[in-house]
Amino acid sequence: MKLRDKVLVVDDEPHIRRLILAALERAGYAAIEAGTGREALERLRAERPDVVLLDLGLPDRDGLELVPLVKREGDTTLIVVSARDATDEKVAALDLGADDYLTKPFDTDELLARVRVALRNRTTRGGAAAALAVGDVTIDLLSHTITKAGREVHLTPKEYAVLAQLAKFPGRVITHNQIMAQVWPNEHEHHVEYLRVLVRSLRQKLETDPQRPQIISNELGIGYRLRLVEGA
Amino acid sequence: MNEPDRPSPEALLRAAAQEGRGRLKVFLGAAPGVGKTWEMLTDGHQRREAGIDVVVGVVETHGRRETQALVEGHEVIPRREVDHVGHTLGEMDLDAILERAPQLVLVDELAHTNAPGSRHPKRYQDVEELLAAGIDVYSTINIQHVESLNDLVASFTRVRVRETIPDSVLEQAEIEVVDIPPGELIERLKEGKVYVPHEATRALGHFFSKSNLTALRELALRRAAQAVDAQMLEHLRANALAGSFAVGERVLVAISEQPHAAGLVRAGKRLSDALKAPWSAVHIQTQRDRHFTDADRRQLADTLALASRLGASTASIPAASVVEGLRGFAQDARATQIVIGKSDRSWLFELRNGSVVDRLVRTLGDVAIHVLPSGTPAAEPKRPREATRIDWGRPAHYLWSLLTVAAMTVLGRLLLEALDLGNIALLFLIPVMFAAATFGVRAGLFAGLASSLAYNFFFLPPNGTLTVSNPENVISILVLLGVAVVTSQLAARVRAQADLAGASARQNAALASFSRQLTIAATREELVQAICAEVARLLDVRTVLLLPSSDGPVLSAAYPPEDRLEQIEQAAAQWAIDNEQPAGRGSATLTASDWLFHPLRTTRGVLGVLGLARDDAGDPVRSDQVPLLMSLLDQASIAFDRMALEEENLKAQAVGERDRLRSALLSSVGHDLRTPLTTILSAAQEMKLRPSVELAEVVETEARRLNRFVANLLDMARVEAGALPMKPEATDLFDAVASAVHDTRASLQGHEVEVDIAPGVPLVRLDPVLLHHCLINLLDNAGRYGDPRTPIVVRCRRVPDALLLSIVDQGPGIPPGQEARVFETFTRLEGSDRVRHGTGLGLAIVKGFAEAMGLSVSATNNEDPHGACFTLRIPQALILATIEDREMS
């Protein structure tokens with residue numbers, strides 16, 4: 001029986017590791033660290049952490065190579081950390097199985113929020129998702145019902161498919177490819193413009209002010225995220 | 001007198017061209033069977049023992065065992081098999097030798113003609129390429145294969161060989177004469193030790209006579225001595241050791257379209273060798289050239305090409321007459337010797353026109369003139385001369401002549417009372433001169449005859465008959481006919497000169513327009529297009545222009561448009577670039593190509609190659625067009641040179657601009673990095689003593705500022721490197737603006753952002769990351785320069801061919817006249833009294849990113865409320881059509 005969730009921080013910069021470790025400890029997690037890819041895999045096998053924060057820029061091997069290795073090690077949630085403009089790298093990591101990403105430089109608050117989301121998704125994974133409330137919108141994946149301010153909202157099947165994808169992992173980024181593979185499973189070539197149009201009409205139906213979306217947020221060049229309201 | 005101690009520049013240039021080249025040694029024999037090949041192989045073995053890397057390129061053993069044995073001691077490069085009309089021919093594998101790159105290669109039979117389809121028609125050209133690649137070559141040749149001696153040998157042996165090599169090949173070679181006494185050679189022949197080709201067996205008895213062999217031997221020895229002489233002279237010139245050598249001699253060979261002109265060229269070559277003088281061959285274009293048949297033209301071009309191969313400078317110049325042209329050219333070129341053929345025109349023609357030779361002698365006092373008979377020494381098949389077509393003119397000409405004669409007759413009858421008969425005869429000069437001057441000699445003669453008849457019939461007593469009673473009147477008739485002849489000749493000459501002047505003016509006009517077209521070309525693309533189009537128009541050919549690149553010549557322009565060239569054309573173009581010589585059809589190299597390629601030689605090397613072809617697959621350039629083509633190529637080369645120079649200047653300017661930016665960057669970076677770093681450092685030191693939330697907030701703010709600044713620096717570096725990774729995808733402007741507003745919320749404190757985008761705005765195809773950076777920099781800029789607590793408006797408007805996305809602030813706006821400058825790197829507008837944090841990079845990044853995506857960005861000032869308005873213009877091409885509903889349900 002575990003008392004505290006365990007987080008492995010993989011980064012080659014000792015100062016950053018120390019600061020992140022301090023923040024995690026203060027938030028009540030058990031934090032462990034690794035400076036290289038090799039060390040990270042060793043600690044992963046020995047300590048079985050719940051969450052891994054993996055910086056993709058490691059001295060001894062390409063961080064992207066580590067993504068499938070980490071996922072194969074077992075039931076660990078993987079958050080990759082990479083530089084601001086490395087969009088391709090992030091999408092690749094997510095499509096390889098990473099659960100979320102963080103952009104360097106990041107706020108400590110942001111980091112803690114991501115870890116929280118990761119752990120929550122971990123507890124609900126596999127089981128039937130409970131009804132989800134985001135602002136005044138509730139999403140019930142069991143009964144396929146969506147309400148806004150208590151009133152039922154009618155979605156087209158494709159709109160629902162998109163929303164359902166996002167709602168399965170609330171707060172986590174889902175790449176365009178991951179969404180489209182679910183919504184248009186029979187198409188070999190995916191067109192982001194279709195997805196954009198669906199998201200736009202979803203926002204018209206769900207957002208209070210579609211100009212400032214609060215429910216579905218856009219991740220530049222990567223995908224969408226259902227914005228989780230803390231404490232909901 | 002030349003300064004004796006200064007090396008002649010030409011000699012130095014030639015010496016420089018020799019450097020890095022391989023050396024050629026030729027084993028020269030008087031006749032087959034003297035043992036050249038044996039000598040070459042033996043020499044090769046000696047070199048090999050001396051440690052030189054020797055291979056056999058090609059050696060004909062003709063089945064002789066001792067030769068075979070010598071070959072076996074060497075590494076032999078296998079021959080390349082060539083299929084030719086059912087036979088398999090083994091040719092020397094030039095590429096294999098170049099690949100193998102030995103120090104010395106043995107190549108038998110230098111005068112050999114390669115199988116059709118080979119790279120070069122002649123083996124000596126293969127050898128040239130080997131030498132150019134820095135490989136030494138040993139080769140063999142018999143004296144009768146030397147071009148300038150070809151006629152001479154044929155004249156006493158009665159055997160003409162077709163395979164010849166230019167004298168220039170021998171001139172650069174070290175020559176070793178392989179000599180055995182004629183008696184011994186005849187002995188060897190009888191013993192069957194001499195290989196003789198079957199087709200030559202018949203002539204053998206005569207060829208191998210003792211007298212012939214003696215003469216040939218003498219020729220070989222003399223030629224070798226002459227080569228040593230020439231090389232010594234070259235050495236003397238290059239090293240300025242010469243005390244004196246013949247100066248000022250210059251040989252000029254006048255050539256015509258006649259086949260015997262080739263003989264003149266060879267004679268000119270011998271003369272120039274003997275005098276050690278430079279020489280030229282010139283063809284004078286006169287009226288006659290217009291009646292040339294294609295065969296004539298080809299003959300003329302061949303003769304000019306032969307002269308060029310033998311080392312002459314060649315020219316073809318228009319003039320009113322041969323004498324006039326030759327005189328002008330001889331004076332310009334300061335010729336001291338003229339070689340000219342004896343005309344085979346009839347004695348009648350010469351009587352009438354005076355012989356060219358006589359007139360030349362008269363006009364060129366101090367020039368020695370060598371007149372050679374036109375007969376060819378060895379019976380060369382004489383080309384049947386085509387009957388000169390007589391231009392009889394049109395019937396109308398004769399009718400007009402007759403009418404004027406009739407009119408004069410009527411007039412004469414009317415004036416008969418007032419004039420005497422002699423004056424009436426003068427009247428008839430009018431129709432004769434009119435007809436002769438207007439319609440030419442035949443109509444003039446016709447008018448003269450008609451006038452005589454009319455005069456005789458109507459005026460001379462006895463009237464009404466054609467009898468002449470008074471002998472005086474015979475003279476009147478003769479005068480009338482004579483006037484017809486003289487007038488028509490004069491008129492014809494005037495016309496001819498006018499035609500020539502016209503032709504010359506047309507050529508000059510063509511050149512002038514060509515050079516004008518090239519001057520207005522501003523870019524290399526325009527230049528190559530202009531060259532192709534103009535040359536095609538002026539010469540009536542198809543043209544292509546290829547530019548050299550590391551992957552071979554690249555087709556850059558064509559007229560009419562052409563997509564690609566065949567393999568062989570590519571090879572010819574490449575060869576032309578590598579060797580700075582013409583290649584392809586009508587040249588000496590890769591003649592199987594349909595195109596003729598001329599390199600554009602400049603001081604920077606070959607910058608391009610121009611290809612010419614004719615639709616009917618004939619020779620691309622007619623011989624009479626060659627001078628014009630040469631002028632055009634010169635102009636094109638100059639234009640290319642000019643273009644290259646301009647590009648270099650631009651590059652230098654760009655480098656200067658970059659340097660300016662770099663120093664501005666360094667000073668800006670110094671300031672903008674140090675300020676937040678200083679704050680962070682001092683705050684951190686302070687916090688060690690006294691933990692404080694306030695100080696921590698200062699650190700946080702400054703760190704964020706630093707982060708933005710570093711991000712901008714990186715972005716700017718990417719813009720300047722010109723290598724922005726572009727991944728355009730369907731983008732929703734709503735999303736883009738919302739993300740940008742979200743990410744700038746910290747720096748936009750105090751400003752409300754109003755988003756005014758219509759719900760139905762179409763998707764656009766843009767790189768989302770680059771667009772994001774554009775928007776955050778524009779929002780950041782608006783937040784920085786807008787007055788506090790004023791709103792920032794983001795609005796999107798559809799115009800007919802674009803979407804306009806504007807970010808509008810309320811503030812002082814942009815100083816008038818500075819609207820374009822705001823996008824320059826490190827521009828922070830002067831005249832602002834408030835301290836505004838910024839790097840001066842933001843708007844430059846916006847511009848760089850926007851342009852990379854295909855957008856344009858502009859800055860304007862708004863009135864009421866006053867402020868700056870920055871607009872991104874998204875062109876129609878990047879706007880996506882509305883998506884069908886079918887995909888959405």
# chains A, B, ... in the order shown; residues from 1 in each chain; ligands from 1
$ interface_residues --of "chain A" --to "chain B" --cutoff "12 Å" --atoms "only C-alpha atoms" --output "PDB file with N, CA and C atoms, in the first residue's frame"
ATOM      1  N   ALA A  83      11.720  21.922 -25.275  1.00  0.00           N
ATOM      2  CA  ALA A  83      11.853  23.356 -25.520  1.00  0.00           C
ATOM      3  C   ALA A  83      10.634  23.884 -26.263  1.00  0.00           C
ATOM      4  N   ARG A  84      10.522  25.204 -26.234  1.00  0.00           N
ATOM      5  CA  ARG A  84       9.330  25.906 -26.662  1.00  0.00           C
ATOM      6  C   ARG A  84       8.844  25.537 -28.067  1.00  0.00           C
ATOM      7  N   ASP A  85       9.743  25.572 -29.045  1.00  0.00           N
ATOM      8  CA  ASP A  85       9.278  25.486 -30.416  1.00  0.00           C
ATOM      9  C   ASP A  85       9.372  24.089 -31.021  1.00  0.00           C
ATOM     10  N   ALA A  86       9.753  23.119 -30.182  1.00  0.00           N
ATOM     11  CA  ALA A  86       9.937  21.781 -30.727  1.00  0.00           C
ATOM     12  C   ALA A  86       8.592  21.069 -30.883  1.00  0.00           C
ATOM     13  N   THR A  87       7.705  21.676 -31.700  1.00  0.00           N
ATOM     14  CA  THR A  87       6.360  21.119 -31.862  1.00  0.00           C
ATOM     15  C   THR A  87       6.392  19.674 -32.377  1.00  0.00           C
ATOM     16  N   ASP A  88       7.238  19.461 -33.385  1.00  0.00           N
ATOM     17  CA  ASP A  88       7.318  18.120 -33.980  1.00  0.00           C
ATOM     18  C   ASP A  88       7.702  17.082 -32.928  1.00  0.00           C
ATOM     19  N   LYS A 104       9.381  24.032 -21.751  1.00  0.00           N
ATOM     20  CA  LYS A 104      10.393  24.757 -20.984  1.00  0.00           C
ATOM     21  C   LYS A 104      10.482  26.179 -21.490  1.00  0.00           C
ATOM     22  N   PRO A 105      10.620  27.206 -20.729  1.00  0.00           N
ATOM     23  CA  PRO A 105      10.565  27.150 -19.262  1.00  0.00           C
ATOM     24  C   PRO A 105       9.120  27.073 -18.768  1.00  0.00           C
ATOM     25  N   PHE A 106       8.911  26.436 -17.624  1.00  0.00           N
ATOM     26  CA  PHE A 106       7.531  26.289 -17.137  1.00  0.00           C
ATOM     27  C   PHE A 106       7.401  26.808 -15.701  1.00  0.00           C
ATOM     28  N   ASP A 107       6.198  27.131 -15.330  1.00  0.00           N
ATOM     29  CA  ASP A 107       5.882  27.519 -13.950  1.00  0.00           C
ATOM     30  C   ASP A 107       5.808  26.274 -13.084  1.00  0.00           C
ATOM     31  N   THR A 108       6.138  26.451 -11.831  1.00  0.00           N
ATOM     32  CA  THR A 108       5.960  25.347 -10.890  1.00  0.00           C
ATOM     33  C   THR A 108       4.480  24.974 -10.780  1.00  0.00           C
ATOM     34  N   LEU A 155     -25.464  17.133 -30.105  1.00  0.00           N
ATOM     35  CA  LEU A 155     -24.247  17.123 -30.910  1.00  0.00           C
ATOM     36  C   LEU A 155     -24.420  16.139 -32.061  1.00  0.00           C
ATOM     37  N   THR A 156     -23.763  16.424 -33.181  1.00  0.00           N
ATOM     38  CA  THR A 156     -23.729  15.437 -34.264  1.00  0.00           C
ATOM     39  C   THR A 156     -22.816  14.299 -33.818  1.00  0.00           C
ATOM     40  N   PRO A 157     -22.932  13.134 -34.461  1.00  0.00           N
ATOM     41  CA  PRO A 157     -22.089  11.998 -34.040  1.00  0.00           C
ATOM     42  C   PRO A 157     -20.599  12.344 -34.066  1.00  0.00           C
ATOM     43  N   LYS A 158     -20.155  13.078 -35.095  1.00  0.00           N
ATOM     44  CA  LYS A 158     -18.718  13.397 -35.182  1.00  0.00           C
ATOM     45  C   LYS A 158     -18.308  14.384 -34.082  1.00  0.00           C
ATOM     46  N   GLU A 159     -19.163  15.358 -33.825  1.00  0.00           N
ATOM     47  CA  GLU A 159     -18.879  16.299 -32.738  1.00  0.00           C
ATOM     48  C   GLU A 159     -18.751  15.537 -31.413  1.00  0.00           C
ATOM     49  N   TYR A 160     -19.664  14.630 -31.220  1.00  0.00           N
ATOM     50  CA  TYR A 160     -19.632  13.860 -29.982  1.00  0.00           C
ATOM     51  C   TYR A 160     -18.348  13.031 -29.896  1.00  0.00           C
ATOM     52  N   ALA A 161     -17.970  12.446 -31.045  1.00  0.00           N
ATOM     53  CA  ALA A 161     -16.754  11.621 -31.062  1.00  0.00           C
ATOM     54  C   ALA A 161     -15.540  12.432 -30.650  1.00  0.00           C
ATOM     55  N   VAL A 162     -15.455  13.662 -31.142  1.00  0.00           N
ATOM     56  CA  VAL A 162     -14.319  14.523 -30.790  1.00  0.00           C
ATOM     57  C   VAL A 162     -14.349  14.821 -29.298  1.00  0.00           C
ATOM     58  N   HIS A 176      -3.837  15.843 -32.714  1.00  0.00           N
ATOM     59  CA  HIS A 176      -4.763  15.821 -33.861  1.00  0.00           C
ATOM     60  C   HIS A 176      -4.901  14.403 -34.396  1.00  0.00           C
ATOM     61  N   MET A 180      -8.297  12.255 -34.708  1.00  0.00           N
ATOM     62  CA  MET A 180      -8.817  11.938 -36.047  1.00  0.00           C
ATOM     63  C   MET A 180      -8.864  10.440 -36.288  1.00  0.00           C
ATOM     64  N   VAL A 183     -12.177   9.555 -34.878  1.00  0.00           N
ATOM     65  CA  VAL A 183     -13.360  10.143 -35.495  1.00  0.00           C
ATOM     66  C   VAL A 183     -13.549   9.656 -36.934  1.00  0.00           C
ATOM     67  N   TRP A 184     -12.443   9.534 -37.664  1.00  0.00           N
ATOM     68  CA  TRP A 184     -12.517   9.007 -39.034  1.00  0.00           C
ATOM     69  C   TRP A 184     -11.656   7.741 -39.135  1.00  0.00           C
ATOM     70  N   GLU A 187     -10.355   6.436 -42.661  1.00  0.00           N
ATOM     71  CA  GLU A 187      -9.634   7.266 -43.624  1.00  0.00           C
ATOM     72  C   GLU A 187      -8.141   7.170 -43.363  1.00  0.00           C
ATOM     73  N   HIS A 190      -5.655  12.118 -43.039  1.00  0.00           N
ATOM     74  CA  HIS A 190      -6.468  12.963 -42.183  1.00  0.00           C
ATOM     75  C   HIS A 190      -6.267  14.426 -42.507  1.00  0.00           C
ATOM     76  N   HIS A 191      -7.370  15.155 -42.487  1.00  0.00           N
ATOM     77  CA  HIS A 191      -7.299  16.580 -42.794  1.00  0.00           C
ATOM     78  C   HIS A 191      -7.663  17.373 -41.565  1.00  0.00           C
ATOM     79  N   VAL A 192      -6.694  18.159 -41.097  1.00  0.00           N
ATOM     80  CA  VAL A 192      -6.909  18.923 -39.870  1.00  0.00           C
ATOM     81  C   VAL A 192      -8.079  19.886 -40.037  1.00  0.00           C
ATOM     82  N   GLU A 193      -8.292  20.353 -41.298  1.00  0.00           N
ATOM     83  CA  GLU A 193      -9.357  21.351 -41.454  1.00  0.00           C
ATOM     84  C   GLU A 193     -10.731  20.821 -41.040  1.00  0.00           C
ATOM     85  N   TYR A 194     -10.995  19.520 -41.261  1.00  0.00           N
ATOM     86  CA  TYR A 194     -12.279  18.949 -40.826  1.00  0.00           C
ATOM     87  C   TYR A 194     -12.411  19.034 -39.307  1.00  0.00           C
ATOM     88  N   LEU A 195     -11.264  18.677 -38.665  1.00  0.00           N
ATOM     89  CA  LEU A 195     -11.262  18.711 -37.206  1.00  0.00           C
ATOM     90  C   LEU A 195     -11.499  20.131 -36.690  1.00  0.00           C
ATOM     91  N   ARG A 196     -10.843  21.101 -37.365  1.00  0.00           N
ATOM     92  CA  ARG A 196     -11.006  22.499 -36.946  1.00  0.00           C
ATOM     93  C   ARG A 196     -12.480  22.925 -37.005  1.00  0.00           C
ATOM     94  N   VAL A 197     -13.125  22.510 -38.086  1.00  0.00           N
ATOM     95  CA  VAL A 197     -14.524  22.906 -38.253  1.00  0.00           C
ATOM     96  C   VAL A 197     -15.399  22.269 -37.164  1.00  0.00           C
ATOM     97  N   LEU A 198     -15.103  20.985 -36.860  1.00  0.00           N
ATOM     98  CA  LEU A 198     -15.877  20.319 -35.810  1.00  0.00           C
ATOM     99  C   LEU A 198     -15.686  21.009 -34.462  1.00  0.00           C
ATOM    100  N   VAL A 199     -14.429  21.355 -34.162  1.00  0.00           N
ATOM    101  CA  VAL A 199     -14.144  21.995 -32.880  1.00  0.00           C
ATOM    102  C   VAL A 199     -14.838  23.357 -32.830  1.00  0.00           C
ATOM    103  N   ARG A 200     -14.840  24.040 -33.966  1.00  0.00           N
ATOM    104  CA  ARG A 200     -15.480  25.353 -33.993  1.00  0.00           C
ATOM    105  C   ARG A 200     -16.970  25.220 -33.686  1.00  0.00           C
ATOM    106  N   SER A 201     -17.623  24.222 -34.273  1.00  0.00           N
ATOM    107  CA  SER A 201     -19.065  24.095 -34.020  1.00  0.00           C
ATOM    108  C   SER A 201     -19.323  23.589 -32.603  1.00  0.00           C
ATOM    109  N   LEU A 202     -18.392  22.734 -32.081  1.00  0.00           N
ATOM    110  CA  LEU A 202     -18.522  22.316 -30.680  1.00  0.00           C
ATOM    111  C   LEU A 202     -18.480  23.520 -29.751  1.00  0.00           C
ATOM    112  N   ARG A 203     -17.550  24.434 -30.044  1.00  0.00           N
ATOM    113  CA  ARG A 203     -17.419  25.612 -29.186  1.00  0.00           C
ATOM    114  C   ARG A 203     -18.670  26.478 -29.258  1.00  0.00           C
ATOM    115  N   GLN A 204     -19.225  26.593 -30.483  1.00  0.00           N
ATOM    116  CA  GLN A 204     -20.463  27.377 -30.618  1.00  0.00           C
ATOM    117  C   GLN A 204     -21.543  26.821 -29.704  1.00  0.00           C
ATOM    118  N   ASP A 209     -18.626  32.082 -24.257  1.00  0.00           N
ATOM    119  CA  ASP A 209     -18.129  33.069 -25.210  1.00  0.00           C
ATOM    120  C   ASP A 209     -17.182  32.353 -26.172  1.00  0.00           C
ATOM    121  N   PRO A 210     -17.695  31.988 -27.341  1.00  0.00           N
ATOM    122  CA  PRO A 210     -16.846  31.204 -28.269  1.00  0.00           C
ATOM    123  C   PRO A 210     -15.559  31.933 -28.667  1.00  0.00           C
ATOM    124  N   GLN A 211     -15.525  33.267 -28.533  1.00  0.00           N
ATOM    125  CA  GLN A 211     -14.315  34.022 -28.856  1.00  0.00           C
ATOM    126  C   GLN A 211     -13.203  33.705 -27.853  1.00  0.00           C
ATOM    127  N   ARG A 212     -13.597  33.394 -26.616  1.00  0.00           N
ATOM    128  CA  ARG A 212     -12.595  33.066 -25.606  1.00  0.00           C
ATOM    129  C   ARG A 212     -12.891  31.694 -25.051  1.00  0.00           C
ATOM    130  N   PRO A 213     -12.469  30.675 -25.742  1.00  0.00           N
ATOM    131  CA  PRO A 213     -12.836  29.307 -25.351  1.00  0.00           C
ATOM    132  C   PRO A 213     -12.274  28.952 -23.981  1.00  0.00           C
ATOM    133  N   GLN A 214     -13.161  28.455 -23.087  1.00  0.00           N
ATOM    134  CA  GLN A 214     -12.757  28.058 -21.739  1.00  0.00           C
ATOM    135  C   GLN A 214     -12.777  26.541 -21.577  1.00  0.00           C
ATOM    136  N   ILE A 216     -12.665  23.881 -24.459  1.00  0.00           N
ATOM    137  CA  ILE A 216     -11.712  23.177 -25.318  1.00  0.00           C
ATOM    138  C   ILE A 216     -10.596  24.145 -25.656  1.00  0.00           C
ATOM    139  N   SER A 217      -9.368  23.829 -25.229  1.00  0.00           N
ATOM    140  CA  SER A 217      -8.284  24.760 -25.537  1.00  0.00           C
ATOM    141  C   SER A 217      -7.388  24.150 -26.602  1.00  0.00           C
ATOM    142  N   ASN A 218      -6.819  25.052 -27.371  1.00  0.00           N
ATOM    143  CA  ASN A 218      -6.023  24.663 -28.524  1.00  0.00           C
ATOM    144  C   ASN A 218      -4.553  24.605 -28.125  1.00  0.00           C
ATOM    145  N   GLU A 219      -3.883  23.525 -28.512  1.00  0.00           N
ATOM    146  CA  GLU A 219      -2.431  23.455 -28.304  1.00  0.00           C
ATOM    147  C   GLU A 219      -1.794  23.604 -29.682  1.00  0.00           C
ATOM    148  N   LEU A 220      -1.068  24.708 -29.849  1.00  0.00           N
ATOM    149  CA  LEU A 220      -0.531  25.082 -31.154  1.00  0.00           C
ATOM    150  C   LEU A 220       0.185  23.952 -31.880  1.00  0.00           C
ATOM    151  N   GLY A 221      -0.347  23.589 -33.045  1.00  0.00           N
ATOM    152  CA  GLY A 221       0.353  22.626 -33.875  1.00  0.00           C
ATOM    153  C   GLY A 221       0.375  21.226 -33.301  1.00  0.00           C
ATOM    154  N   ILE A 222      -0.300  20.995 -32.147  1.00  0.00           N
ATOM    155  CA  ILE A 222      -0.204  19.684 -31.491  1.00  0.00           C
ATOM    156  C   ILE A 222      -1.559  19.012 -31.402  1.00  0.00           C
ATOM    157  N   GLY A 223      -2.493  19.672 -30.759  1.00  0.00           N
ATOM    158  CA  GLY A 223      -3.794  19.038 -30.585  1.00  0.00           C
ATOM    159  C   GLY A 223      -4.722  19.891 -29.717  1.00  0.00           C
ATOM    160  N   TYR A 224      -5.674  19.221 -29.049  1.00  0.00           N
ATOM    161  CA  TYR A 224      -6.628  19.938 -28.186  1.00  0.00           C
ATOM    162  C   TYR A 224      -6.575  19.344 -26.798  1.00  0.00           C
TER     163      TYR A 224
END
$ residues_around --residues "A:Leu96" --least-positions-apart "2" --cutoff "8 Å" --atoms "only C-alpha atoms" --output "list in words"
Val67, Pro68, Ala92, Ala93, Leu94 and Ala98 of chain A
$ write_last_selection --atoms "C-alpha atoms" --output "PDB file, in the first residue's frame"
ATOM      1  CA  VAL A  67       9.334   7.233 -24.537  1.00  0.00           C
ATOM      2  CA  PRO A  68       8.316   3.728 -25.692  1.00  0.00           C
ATOM      3  CA  ALA A  92       6.093  12.576 -31.891  1.00  0.00           C
ATOM      4  CA  ALA A  93       6.409  11.942 -28.149  1.00  0.00           C
ATOM      5  CA  LEU A  94       2.631  12.050 -27.675  1.00  0.00           C
ATOM      6  CA  ALA A  98       3.590   9.989 -23.815  1.00  0.00           C
TER       7      ALA A  98
END
$ residues_around --residues "B:Ala254" --least-positions-apart "6" --cutoff "6 Å" --atoms "only C-alpha atoms" --output "PyMOL selection string"
chain B and resi 281-283+340
$ write_last_selection --atoms "N, CA and C atoms" --output "mmCIF file, in the first residue's frame"
data_model
loop_
_atom_site.group_PDB
_atom_site.id
_atom_site.type_symbol
_atom_site.label_atom_id
_atom_site.label_comp_id
_atom_site.auth_asym_id
_atom_site.auth_seq_id
_atom_site.Cartn_x
_atom_site.Cartn_y
_atom_site.Cartn_z
ATOM 1 N N ALA B 281 43.656 32.911 -91.821
ATOM 2 C CA ALA B 281 42.982 32.545 -93.052
ATOM 3 C C ALA B 281 41.722 33.385 -93.115
ATOM 4 N N VAL B 282 41.477 33.974 -94.269
ATOM 5 C CA VAL B 282 40.333 34.858 -94.346
ATOM 6 C C VAL B 282 39.521 34.548 -95.596
ATOM 7 N N HIS B 283 38.225 34.588 -95.421
ATOM 8 C CA HIS B 283 37.352 34.496 -96.579
ATOM 9 C C HIS B 283 36.678 35.841 -96.763
ATOM 10 N N ILE B 340 47.517 33.128 -102.080
ATOM 11 C CA ILE B 340 46.250 33.182 -102.793
ATOM 12 C C ILE B 340 46.285 32.165 -103.917
#
$ residues_around --residues "stretch 181-186 of chain B" --least-positions-apart "6" --cutoff "8 Å" --atoms "only C-alpha atoms" --output "NGL selection string"
:B and (33-34 or 208-210 or 213-214)
$ select_by_dssp --residues "stretch 635-803 of chain B" --states "strand (DSSP E or B)" --output "PyMOL selection string"
chain B and resi 729-731+753-756+764-766+792-799+802-803
$ select_by_dssp --residues "stretch 239-312 of chain B" --states "helix (DSSP H, G or I)" --output "VMD selection string"
chain B and resid 239 261 to 275 287 to 291 294 to 309
$ residues_around --residues "A:Arg45" --least-positions-apart "3" --cutoff "10 Å" --atoms "only C-alpha atoms" --output "PyMOL selection string"
chain A and resi 40-42+48-49+70+73-74
